[in-house]
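Scroll down for the structure; my scribbles are underneath it.
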Amino acid sequence: MKFFLANWKMHKTIGEALEFIDEFIPLVKDVSNKEIALAPTFLCLEKVHEALKGTNIKLCAQNVFYEKQGAYTGEISPLMLKDVGVDYVIVGHSERRKYFQENDEIINKKIKACNENGLKVIICIGETLEERQKNRTFEILKKQIIRGLEGISNFNNITIAYEPVWAIGTGIVANELQIKEAHLFIKEQLKEFAPKNSIRILYGGSVTADNIKKIMNIENVDGVLVGGASLNPVNFAKIIKYED
Ligand code: PEP
């Protein structure tokens, strides 16, 4: 099923999140053949979970820590996320890699911890502008996949999001060829890990209602991860309900 994930990043108070949901639920209630998820901040998860009960919208966290419990000030464990009704967790977003020094080893531990706790994971990978300009895109994607997935045997709960860092929040969308090549490359790499598994590959980076159709029509694009354009319920609903 095609997947549409909203990443709200550090936006929306609880009240604002609930206002969004009130407006959003009726807009997408008839969508049955697509998977929809919202990733609010940790603080909103519990209330958003209550508000989404009985709907076709899933709950996603933006981050997680890999330990079960302990002296890790400010962190949240997979079990704690499960406890508030989280279905999915975004792991390895480029903003976490850039501002919070998350590397592939940390990301790998987080993926394993989520797997152990039955949480589904969206693993973000992607090259920076400098890496693309130096023709290192595939090398970077390969490294992120190999290191991120090391030692993982259960791929049922895994989704990959290809997010070229230079396209996130910039208004610059990767072109059709760039997306096609990257998704095909990722798909081939994933076969090494999980030959029989059809792991979904999402695209993320300045997706809007205006470019969604073009993006979704690219081969091996199984959905989108949407930041800025998901903050408004009408805009995000338009993206989900794009006409083929
Ligand atoms: C993101 O948050 O991962 C993202 C792709 O953001 P935006 O859609 O704003 O580029």
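If you're wondering about the labels, chains in the structure tokens are A, B, ... by order shown, residues count from 1 in each chain, ligands from 1 in order shown.
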Give me the residues within 12 Å of Thr41 in chain A as an MDAnalysis selection string, counting only C-alpha atoms and dropping any in the same chain fewer than 5 places off.
-> chainID A and resid 6:14 16:17 46:49 59:64 76 81 86 89:90
Keeping only N, CA and C atoms, write the selected residues as a PDB file, in the first residue's frame.
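Saved file selection.pdb follows:
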ATOM      1  N   ALA A   6       3.432  12.251   7.415  1.00  0.00           N
ATOM      2  CA  ALA A   6       3.647  13.663   7.751  1.00  0.00           C
ATOM      3  C   ALA A   6       4.661  13.762   8.874  1.00  0.00           C
ATOM      4  N   ASN A   7       5.739  14.494   8.638  1.00  0.00           N
ATOM      5  CA  ASN A   7       6.723  14.743   9.695  1.00  0.00           C
ATOM      6  C   ASN A   7       6.579  16.206  10.127  1.00  0.00           C
ATOM      7  N   TRP A   8       6.005  16.394  11.305  1.00  0.00           N
ATOM      8  CA  TRP A   8       5.751  17.768  11.774  1.00  0.00           C
ATOM      9  C   TRP A   8       6.978  18.417  12.402  1.00  0.00           C
ATOM     10  N   LYS A   9       8.035  17.663  12.558  1.00  0.00           N
ATOM     11  CA  LYS A   9       9.261  18.197  13.181  1.00  0.00           C
ATOM     12  C   LYS A   9       8.901  18.926  14.488  1.00  0.00           C
ATOM     13  N   MET A  10       9.578  20.041  14.812  1.00  0.00           N
ATOM     14  CA  MET A  10       9.290  20.729  16.082  1.00  0.00           C
ATOM     15  C   MET A  10       8.233  21.815  15.857  1.00  0.00           C
ATOM     16  N   HIS A  11       7.057  21.360  15.407  1.00  0.00           N
ATOM     17  CA  HIS A  11       5.928  22.257  15.165  1.00  0.00           C
ATOM     18  C   HIS A  11       4.710  21.737  15.909  1.00  0.00           C
ATOM     19  N   LYS A  12       3.840  22.611  16.286  1.00  0.00           N
ATOM     20  CA  LYS A  12       2.515  22.367  16.859  1.00  0.00           C
ATOM     21  C   LYS A  12       2.516  22.024  18.359  1.00  0.00           C
ATOM     22  N   THR A  13       1.755  22.824  19.080  1.00  0.00           N
ATOM     23  CA  THR A  13       1.438  22.504  20.472  1.00  0.00           C
ATOM     24  C   THR A  13       0.381  21.399  20.443  1.00  0.00           C
ATOM     25  N   ILE A  14       0.013  20.888  21.622  1.00  0.00           N
ATOM     26  CA  ILE A  14      -1.025  19.840  21.652  1.00  0.00           C
ATOM     27  C   ILE A  14      -2.322  20.391  21.047  1.00  0.00           C
ATOM     28  N   GLU A  16      -2.760  22.773  18.881  1.00  0.00           N
ATOM     29  CA  GLU A  16      -2.647  22.935  17.419  1.00  0.00           C
ATOM     30  C   GLU A  16      -2.701  21.585  16.697  1.00  0.00           C
ATOM     31  N   ALA A  17      -2.099  20.582  17.335  1.00  0.00           N
ATOM     32  CA  ALA A  17      -2.121  19.236  16.729  1.00  0.00           C
ATOM     33  C   ALA A  17      -3.562  18.722  16.671  1.00  0.00           C
ATOM     34  N   GLU A  46       0.382  11.208  22.980  1.00  0.00           N
ATOM     35  CA  GLU A  46      -0.718  10.581  23.711  1.00  0.00           C
ATOM     36  C   GLU A  46      -2.066  11.148  23.268  1.00  0.00           C
ATOM     37  N   LYS A  47      -2.155  12.465  23.221  1.00  0.00           N
ATOM     38  CA  LYS A  47      -3.421  13.114  22.837  1.00  0.00           C
ATOM     39  C   LYS A  47      -3.764  12.822  21.379  1.00  0.00           C
ATOM     40  N   VAL A  48      -2.742  12.826  20.535  1.00  0.00           N
ATOM     41  CA  VAL A  48      -2.982  12.547  19.114  1.00  0.00           C
ATOM     42  C   VAL A  48      -3.452  11.094  18.959  1.00  0.00           C
ATOM     43  N   HIS A  49      -2.866  10.203  19.733  1.00  0.00           N
ATOM     44  CA  HIS A  49      -3.303   8.800  19.688  1.00  0.00           C
ATOM     45  C   HIS A  49      -4.782   8.685  20.019  1.00  0.00           C
ATOM     46  N   LEU A  59      -0.065   6.443  13.923  1.00  0.00           N
ATOM     47  CA  LEU A  59       0.738   7.357  14.724  1.00  0.00           C
ATOM     48  C   LEU A  59       2.222   7.006  14.601  1.00  0.00           C
ATOM     49  N   CYS A  60       3.021   8.041  14.391  1.00  0.00           N
ATOM     50  CA  CYS A  60       4.460   7.849  14.189  1.00  0.00           C
ATOM     51  C   CYS A  60       5.231   8.782  15.128  1.00  0.00           C
ATOM     52  N   ALA A  61       6.337   8.296  15.682  1.00  0.00           N
ATOM     53  CA  ALA A  61       7.220   9.159  16.483  1.00  0.00           C
ATOM     54  C   ALA A  61       8.372   9.615  15.588  1.00  0.00           C
ATOM     55  N   GLN A  62       8.968  10.742  15.940  1.00  0.00           N
ATOM     56  CA  GLN A  62      10.040  11.309  15.105  1.00  0.00           C
ATOM     57  C   GLN A  62      11.421  10.793  15.481  1.00  0.00           C
ATOM     58  N   ASN A  63      11.495  10.103  16.626  1.00  0.00           N
ATOM     59  CA  ASN A  63      12.797   9.670  17.132  1.00  0.00           C
ATOM     60  C   ASN A  63      12.564   8.654  18.249  1.00  0.00           C
ATOM     61  N   VAL A  64      13.616   8.002  18.679  1.00  0.00           N
ATOM     62  CA  VAL A  64      13.554   7.036  19.778  1.00  0.00           C
ATOM     63  C   VAL A  64      14.981   6.856  20.291  1.00  0.00           C
ATOM     64  N   ILE A  76      13.683   8.759  25.231  1.00  0.00           N
ATOM     65  CA  ILE A  76      12.422   8.001  25.247  1.00  0.00           C
ATOM     66  C   ILE A  76      12.692   6.622  24.650  1.00  0.00           C
ATOM     67  N   LEU A  81       7.197   4.407  23.737  1.00  0.00           N
ATOM     68  CA  LEU A  81       6.452   4.801  22.536  1.00  0.00           C
ATOM     69  C   LEU A  81       5.306   3.828  22.289  1.00  0.00           C
ATOM     70  N   VAL A  86       2.124   4.255  19.705  1.00  0.00           N
ATOM     71  CA  VAL A  86       2.862   4.555  18.465  1.00  0.00           C
ATOM     72  C   VAL A  86       2.981   3.299  17.583  1.00  0.00           C
ATOM     73  N   VAL A  89       8.171   4.647  13.822  1.00  0.00           N
ATOM     74  CA  VAL A  89       9.180   5.592  14.307  1.00  0.00           C
ATOM     75  C   VAL A  89      10.082   5.992  13.132  1.00  0.00           C
ATOM     76  N   ILE A  90      10.340   7.290  13.003  1.00  0.00           N
ATOM     77  CA  ILE A  90      11.315   7.754  12.005  1.00  0.00           C
ATOM     78  C   ILE A  90      12.697   7.646  12.653  1.00  0.00           C
TER      79      ILE A  90
END
With only C-alpha atoms and all ligand atoms counted, collect every polymer residue having an atom within 6 Å of ligand 1; state the result as an NGL selection string.
-> :A and (7 or 167-169 or 204-207 or 225-228)
Using DSSP on the backbone coordinates, identify all residues within range 1-239 of chain A classified as strand (DSSP E or B); present the result as a ChimeraX atom specification.
-> /A:2-7,34-39,57-61,88-91,120-125,158-162,200-204,223-226
The residue from A:Asn115, A:Ser198, A:Asn156, A:Asn56 with the smallest atom-to-atom distance to Leu38 in chain A, counting only C-alpha atoms, is A:Asn56
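Distance annotation: of A:Asn235, A:Thr170, A:Gln133, A:Asn197, the residue with the minimal separation from Asn157 in chain A is A:Asn197; atom set is only C-alpha atoms.
Remark: for Ala161 in chain A, the closest of the candidate residues A:Pro195, A:Gly92, A:Gly118, A:Gly85 is A:Gly92 (distances computed over only C-alpha atoms).
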